[in-house]
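Written below as structure tokens is the structure these notes are about.
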Amino acid sequence: MFSVVLQSTTTSTPAETIALAHAVGRRLQTGDLVVLTGDLGAGKTHFAKGIATGLGVTEPVTSPTFALHQRYEGNEIFHHLDVYRLEDLAETLDLDLPELLESGVTVIEWGDSITDVLPTDRLTVRLEMTDVDDERSLWFEVDQENENRWRELVHEAIVEVTA
Ligand SMILES: Nc1ncnc2c1ncn2[C@@H]1O[C@H](COP(=O)(O)OP(=O)(O)OP(=O)(O)O)[C@@H](O)[C@H]1O
Ligand SMILES: [Mg+2]
């Protein structure tokens with residue numbers, strides 16, 4: 001798989017990260033998969049919260065680290081996963097990913113650790129801390145073969161929050 005960076009941007013506050021993710025979430029539909037990657041505290045859960053509100057989820061989204069999977073209902077079903085604690089890929093079988101993926105929009109924190117069991121058609125958002133407090137760099141990456149739809153979606157979302 002050849003990964004391409006579609007676009008990168010920065011946010012200066014947690015609220016900005018949520019707003020950007022909200023703009024992405026508004027454009028997602030059932031069957032879509034977003035992988036969130038980045039160090040502890042990079043902002044993955046904040047990004048997931050924004051996707052949730054973008055999908056019309058009104059219930060507060062919390063970190064699913066202990067539950068591994070939380071299901072929410074908005075305009076679409078929203079599956080929020082955090083696989084940080086998974087010890088090996090076999091444990092993903094219990095999650096029944098194929099069923100999850102087709103039944104809603106799925107966001108997986110630390111999903112880069114389980115790419116072997118994920119479809120290649122997915123958006124990866126890489127979050128990185130910078131030298132500036134509260135600033136985060138966000139990199140939007142996709143597989144080259146699935147580039148077209150994601151490119152437009154990411155571009156529109158970034159334009160929406162920076163306009
Ligand atoms: N620009 C920013 N975007 C997002 N979070 C930010 C930003 N600036 C500061 N923060 C802070 O960074 C932390 C991000 O926490 P969050 O739980 O979203 O990270 P995470 O990547 O999910 O961590 P974990 O790996 O533990 O799940 C929060 O304390 C938040 O307030
Ligand atoms: Mg988190």
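Numbering starts fresh at 1 for the residues of each chain in the structure tokens, the chains themselves are lettered A, B, ... in the order given, and ligands are numbered from 1 as they appear.
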Sorted per-residue table, region 36-71 of chain A near region 24-31 of chain A, closest atoms and distance, 9 Å, only C-alpha atoms, as CSV:
residue,atom,partner,partner_atom,distance
A:Ala48,CA,A:Gly25,CA,8.8
A:Gly50,CA,A:Gly25,CA,7.0
A:Ile51,CA,A:Gly25,CA,4.1
A:Ala52,CA,A:Gly25,CA,6.6
A:Thr53,CA,A:Gly25,CA,7.3
A:Gly54,CA,A:Arg26,CA,4.3
A:Leu55,CA,A:Arg26,CA,5.5
A:Gly56,CA,A:Arg26,CA,8.0
Restrict the selected residues to C-alpha atoms and save them as an mmCIF file, in the first residue's frame.
data_model
loop_
_atom_site.group_PDB
_atom_site.id
_atom_site.type_symbol
_atom_site.label_atom_id
_atom_site.label_comp_id
_atom_site.auth_asym_id
_atom_site.auth_seq_id
_atom_site.Cartn_x
_atom_site.Cartn_y
_atom_site.Cartn_z
ATOM 1 C CA ALA A 48 -13.131 11.508 17.679
ATOM 2 C CA GLY A 50 -15.595 16.217 16.769
ATOM 3 C CA ILE A 51 -16.393 13.453 14.307
ATOM 4 C CA ALA A 52 -19.186 12.366 16.631
ATOM 5 C CA THR A 53 -20.841 15.776 16.737
ATOM 6 C CA GLY A 54 -20.410 16.046 12.983
ATOM 7 C CA LEU A 55 -22.418 12.834 12.692
ATOM 8 C CA GLY A 56 -25.125 14.281 14.895
#
Contact table chain A vs ligand 1, cut-off 6 Å, shortest pair per residue, only C-alpha atoms and all ligand atoms, as JSON lines:
{"residue": "A:Thr11", "atom": "CA", "partner": "ligand 1", "partner_atom_place_in_ligand_line": "1 (N)", "distance": 4.7}
{"residue": "A:Ser12", "atom": "CA", "partner": "ligand 1", "partner_atom_place_in_ligand_line": "1 (N)", "distance": 4.5}
{"residue": "A:Thr13", "atom": "CA", "partner": "ligand 1", "partner_atom_place_in_ligand_line": "1 (N)", "distance": 3.7}
{"residue": "A:Pro14", "atom": "CA", "partner": "ligand 1", "partner_atom_place_in_ligand_line": "3 (N)", "distance": 3.6}
{"residue": "A:Thr17", "atom": "CA", "partner": "ligand 1", "partner_atom_place_in_ligand_line": "3 (N)", "distance": 4.7}
{"residue": "A:Asp39", "atom": "CA", "partner": "ligand 1", "partner_atom_place_in_ligand_line": "25 (O)", "distance": 5.7}
{"residue": "A:Leu40", "atom": "CA", "partner": "ligand 1", "partner_atom_place_in_ligand_line": "25 (O)", "distance": 3.3}
{"residue": "A:Gly41", "atom": "CA", "partner": "ligand 1", "partner_atom_place_in_ligand_line": "19 (O)", "distance": 3.4}
{"residue": "A:Ala42", "atom": "CA", "partner": "ligand 1", "partner_atom_place_in_ligand_line": "21 (O)", "distance": 3.9}
{"residue": "A:Gly43", "atom": "CA", "partner": "ligand 1", "partner_atom_place_in_ligand_line": "18 (O)", "distance": 3.2}
{"residue": "A:Lys44", "atom": "CA", "partner": "ligand 1", "partner_atom_place_in_ligand_line": "21 (O)", "distance": 3.6}
{"residue": "A:Thr45", "atom": "CA", "partner": "ligand 1", "partner_atom_place_in_ligand_line": "22 (O)", "distance": 3.6}
{"residue": "A:His46", "atom": "CA", "partner": "ligand 1", "partner_atom_place_in_ligand_line": "18 (O)", "distance": 3.9}
{"residue": "A:Asp134", "atom": "CA", "partner": "ligand 1", "partner_atom_place_in_ligand_line": "8 (N)", "distance": 3.1}
{"residue": "A:Glu135", "atom": "CA", "partner": "ligand 1", "partner_atom_place_in_ligand_line": "1 (N)", "distance": 4.5}
{"residue": "A:Arg136", "atom": "CA", "partner": "ligand 1", "partner_atom_place_in_ligand_line": "1 (N)", "distance": 4.7}
*When the cut-off is 12 Å and you count only C-alpha atoms and all ligand atoms, which residues lie near ligand 2, shown as JSON, numbers by chain?*
{"A": [35, 36, 37, 38, 39, 40, 41, 42, 43, 44, 45, 46, 47, 48, 49, 61, 62, 63, 64, 65, 66, 68, 80, 81, 82, 83, 84, 85, 107, 108, 109, 110, 111, 127]}
Write out, as an mmCIF file, in the first residue's frame, the residues just selected, with N, CA and C atoms.
data_model
loop_
_atom_site.group_PDB
_atom_site.id
_atom_site.type_symbol
_atom_site.label_atom_id
_atom_site.label_comp_id
_atom_site.auth_asym_id
_atom_site.auth_seq_id
_atom_site.Cartn_x
_atom_site.Cartn_y
_atom_site.Cartn_z
ATOM 1 N N VAL A 35 -8.832 6.144 10.881
ATOM 2 C CA VAL A 35 -7.829 5.701 11.848
ATOM 3 C C VAL A 35 -7.140 6.940 12.420
ATOM 4 N N LEU A 36 -7.036 6.989 13.737
ATOM 5 C CA LEU A 36 -6.375 8.119 14.388
ATOM 6 C C LEU A 36 -5.072 7.636 15.001
ATOM 7 N N THR A 37 -4.003 8.305 14.639
ATOM 8 C CA THR A 37 -2.700 7.892 15.150
ATOM 9 C C THR A 37 -1.951 9.095 15.723
ATOM 10 N N GLY A 38 -1.089 8.823 16.685
ATOM 11 C CA GLY A 38 -0.353 9.904 17.345
ATOM 12 C C GLY A 38 -0.093 9.509 18.784
ATOM 13 N N ASP A 39 0.894 10.171 19.391
ATOM 14 C CA ASP A 39 1.299 9.806 20.755
ATOM 15 C C ASP A 39 0.195 10.017 21.772
ATOM 16 N N LEU A 40 0.417 9.511 22.965
ATOM 17 C CA LEU A 40 -0.492 9.738 24.088
ATOM 18 C C LEU A 40 -0.729 11.234 24.244
ATOM 19 N N GLY A 41 -1.976 11.634 24.312
ATOM 20 C CA GLY A 41 -2.293 13.044 24.510
ATOM 21 C C GLY A 41 -2.184 13.898 23.266
ATOM 22 N N ALA A 42 -1.991 13.272 22.114
ATOM 23 C CA ALA A 42 -1.856 14.056 20.876
ATOM 24 C C ALA A 42 -3.174 14.726 20.488
ATOM 25 N N GLY A 43 -4.279 14.111 20.869
ATOM 26 C CA GLY A 43 -5.575 14.711 20.544
ATOM 27 C C GLY A 43 -6.518 13.780 19.795
ATOM 28 N N LYS A 44 -6.220 12.497 19.804
ATOM 29 C CA LYS A 44 -7.047 11.535 19.057
ATOM 30 C C LYS A 44 -8.490 11.518 19.562
ATOM 31 N N THR A 45 -8.647 11.500 20.890
ATOM 32 C CA THR A 45 -10.018 11.452 21.418
ATOM 33 C C THR A 45 -10.754 12.753 21.121
ATOM 34 N N HIS A 46 -10.044 13.884 21.177
ATOM 35 C CA HIS A 46 -10.683 15.148 20.796
ATOM 36 C C HIS A 46 -11.169 15.080 19.349
ATOM 37 N N PHE A 47 -10.340 14.527 18.502
ATOM 38 C CA PHE A 47 -10.728 14.414 17.092
ATOM 39 C C PHE A 47 -11.960 13.509 16.964
ATOM 40 N N ALA A 48 -11.974 12.429 17.709
ATOM 41 C CA ALA A 48 -13.131 11.508 17.679
ATOM 42 C C ALA A 48 -14.402 12.213 18.160
ATOM 43 N N LYS A 49 -14.265 13.056 19.176
ATOM 44 C CA LYS A 49 -15.433 13.804 19.683
ATOM 45 C C LYS A 49 -16.012 14.709 18.592
ATOM 46 N N VAL A 61 -19.016 11.896 24.124
ATOM 47 C CA VAL A 61 -18.113 10.803 23.761
ATOM 48 C C VAL A 61 -16.943 10.802 24.736
ATOM 49 N N THR A 62 -16.711 9.656 25.345
ATOM 50 C CA THR A 62 -15.598 9.554 26.285
ATOM 51 C C THR A 62 -14.571 8.593 25.703
ATOM 52 N N SER A 63 -13.419 8.520 26.336
ATOM 53 C CA SER A 63 -12.386 7.643 25.819
ATOM 54 C C SER A 63 -12.786 6.186 26.045
ATOM 55 N N PRO A 64 -12.789 5.377 24.991
ATOM 56 C CA PRO A 64 -13.231 3.986 25.144
ATOM 57 C C PRO A 64 -12.100 3.031 25.511
ATOM 58 N N THR A 65 -11.029 3.535 26.091
ATOM 59 C CA THR A 65 -9.846 2.695 26.312
ATOM 60 C C THR A 65 -10.178 1.390 27.035
ATOM 61 N N PHE A 66 -11.051 1.464 28.027
ATOM 62 C CA PHE A 66 -11.323 0.250 28.786
ATOM 63 C C PHE A 66 -12.379 -0.618 28.133
ATOM 64 N N LEU A 68 -12.873 -0.699 24.852
ATOM 65 C CA LEU A 68 -12.405 -0.957 23.480
ATOM 66 C C LEU A 68 -13.344 -0.414 22.413
ATOM 67 N N HIS A 80 -16.836 4.010 18.051
ATOM 68 C CA HIS A 80 -15.581 4.598 18.519
ATOM 69 C C HIS A 80 -14.762 3.504 19.198
ATOM 70 N N LEU A 81 -13.588 3.230 18.664
ATOM 71 C CA LEU A 81 -12.734 2.190 19.216
ATOM 72 C C LEU A 81 -11.387 2.770 19.623
ATOM 73 N N ASP A 82 -10.804 2.179 20.634
ATOM 74 C CA ASP A 82 -9.434 2.522 21.020
ATOM 75 C C ASP A 82 -8.722 1.195 21.262
ATOM 76 N N VAL A 83 -7.776 0.877 20.389
ATOM 77 C CA VAL A 83 -7.151 -0.448 20.459
ATOM 78 C C VAL A 83 -5.783 -0.410 21.137
ATOM 79 N N TYR A 84 -5.530 0.652 21.886
ATOM 80 C CA TYR A 84 -4.245 0.796 22.579
ATOM 81 C C TYR A 84 -3.921 -0.432 23.427
ATOM 82 N N ARG A 85 -4.948 -0.967 24.086
ATOM 83 C CA ARG A 85 -4.718 -2.073 25.002
ATOM 84 C C ARG A 85 -4.764 -3.450 24.361
ATOM 85 N N VAL A 107 -14.354 4.922 13.900
ATOM 86 C CA VAL A 107 -13.122 5.660 14.187
ATOM 87 C C VAL A 107 -12.312 4.819 15.165
ATOM 88 N N ILE A 108 -11.049 4.565 14.820
ATOM 89 C CA ILE A 108 -10.211 3.700 15.653
ATOM 90 C C ILE A 108 -8.959 4.443 16.109
ATOM 91 N N GLU A 109 -8.919 4.761 17.421
ATOM 92 C CA GLU A 109 -7.692 5.342 17.974
ATOM 93 C C GLU A 109 -6.628 4.257 18.041
ATOM 94 N N TRP A 110 -5.397 4.605 17.703
ATOM 95 C CA TRP A 110 -4.264 3.682 17.628
ATOM 96 C C TRP A 110 -4.483 2.631 16.548
ATOM 97 N N GLY A 111 -5.357 2.919 15.589
ATOM 98 C CA GLY A 111 -5.690 1.930 14.569
ATOM 99 C C GLY A 111 -4.514 1.555 13.691
ATOM 100 N N LEU A 127 -1.823 12.815 14.288
ATOM 101 C CA LEU A 127 -1.749 14.034 15.099
ATOM 102 C C LEU A 127 -0.394 14.090 15.789
#
DSSP on the backbone, then: every residue of region 46-114 of chain A marked strand (DSSP E), written as an mmCIF file with C-alpha atoms, in the first residue's frame.
data_model
loop_
_atom_site.group_PDB
_atom_site.id
_atom_site.type_symbol
_atom_site.label_atom_id
_atom_site.label_comp_id
_atom_site.auth_asym_id
_atom_site.auth_seq_id
_atom_site.Cartn_x
_atom_site.Cartn_y
_atom_site.Cartn_z
ATOM 1 C CA HIS A 69 -15.604 -0.147 21.626
ATOM 2 C CA GLN A 70 -18.436 2.305 22.215
ATOM 3 C CA ARG A 71 -21.420 2.591 19.954
ATOM 4 C CA TYR A 72 -23.328 5.857 19.559
ATOM 5 C CA GLU A 73 -26.305 6.884 17.486
ATOM 6 C CA ILE A 77 -24.256 4.862 13.823
ATOM 7 C CA PHE A 78 -20.871 5.888 15.212
ATOM 8 C CA HIS A 79 -18.429 3.234 16.411
ATOM 9 C CA HIS A 80 -15.581 4.598 18.519
ATOM 10 C CA LEU A 81 -12.734 2.190 19.216
ATOM 11 C CA ASP A 82 -9.434 2.522 21.020
ATOM 12 C CA VAL A 105 -18.919 5.168 10.667
ATOM 13 C CA THR A 106 -15.931 3.723 12.521
ATOM 14 C CA VAL A 107 -13.122 5.660 14.187
ATOM 15 C CA ILE A 108 -10.211 3.700 15.653
ATOM 16 C CA GLU A 109 -7.692 5.342 17.974
#
*Could you give me, as number ranges by chain, the residues within 10 Å of Pro98 (chain A), counting only C-alpha atoms and dropping anything in the same chain fewer than 4 positions from it?*
A: 31, 93, 102-103, 117-119
Shell around region 145-149 of chain A at 12 Å using only C-alpha atoms, local window under 3 positions removed, as a CSV table (one decimal) with C-alpha atoms, in the first residue's frame:
chain,number,residue,atom,x,y,z
A,1,MET,CA,0.0,0.0,0.0
A,2,PHE,CA,1.3,3.4,-1.0
A,3,SER,CA,0.3,6.0,1.5
A,4,VAL,CA,-0.1,9.6,0.3
A,5,VAL,CA,-0.4,12.7,2.4
A,6,LEU,CA,-3.5,14.5,1.1
A,7,GLN,CA,-3.1,17.6,3.2
A,27,ARG,CA,-19.0,14.4,5.4
A,28,LEU,CA,-18.7,10.8,6.5
A,32,ASP,CA,-16.4,4.9,6.3
A,119,PRO,CA,-9.6,-2.3,4.8
A,120,THR,CA,-7.1,-0.2,2.8
A,121,ASP,CA,-10.0,2.2,2.0
A,122,ARG,CA,-9.6,4.4,5.1
A,123,LEU,CA,-8.6,7.9,6.1
A,124,THR,CA,-5.7,8.1,8.5
A,140,PHE,CA,-4.4,13.4,6.5
A,141,GLU,CA,-3.2,10.3,4.8
A,142,VAL,CA,-4.8,7.7,2.5
A,152,GLU,CA,-12.1,16.2,-1.9
A,153,LEU,CA,-13.6,15.4,1.5
A,154,VAL,CA,-10.5,16.5,3.5
A,155,HIS,CA,-10.0,19.6,1.4
A,156,GLU,CA,-13.6,20.7,1.9
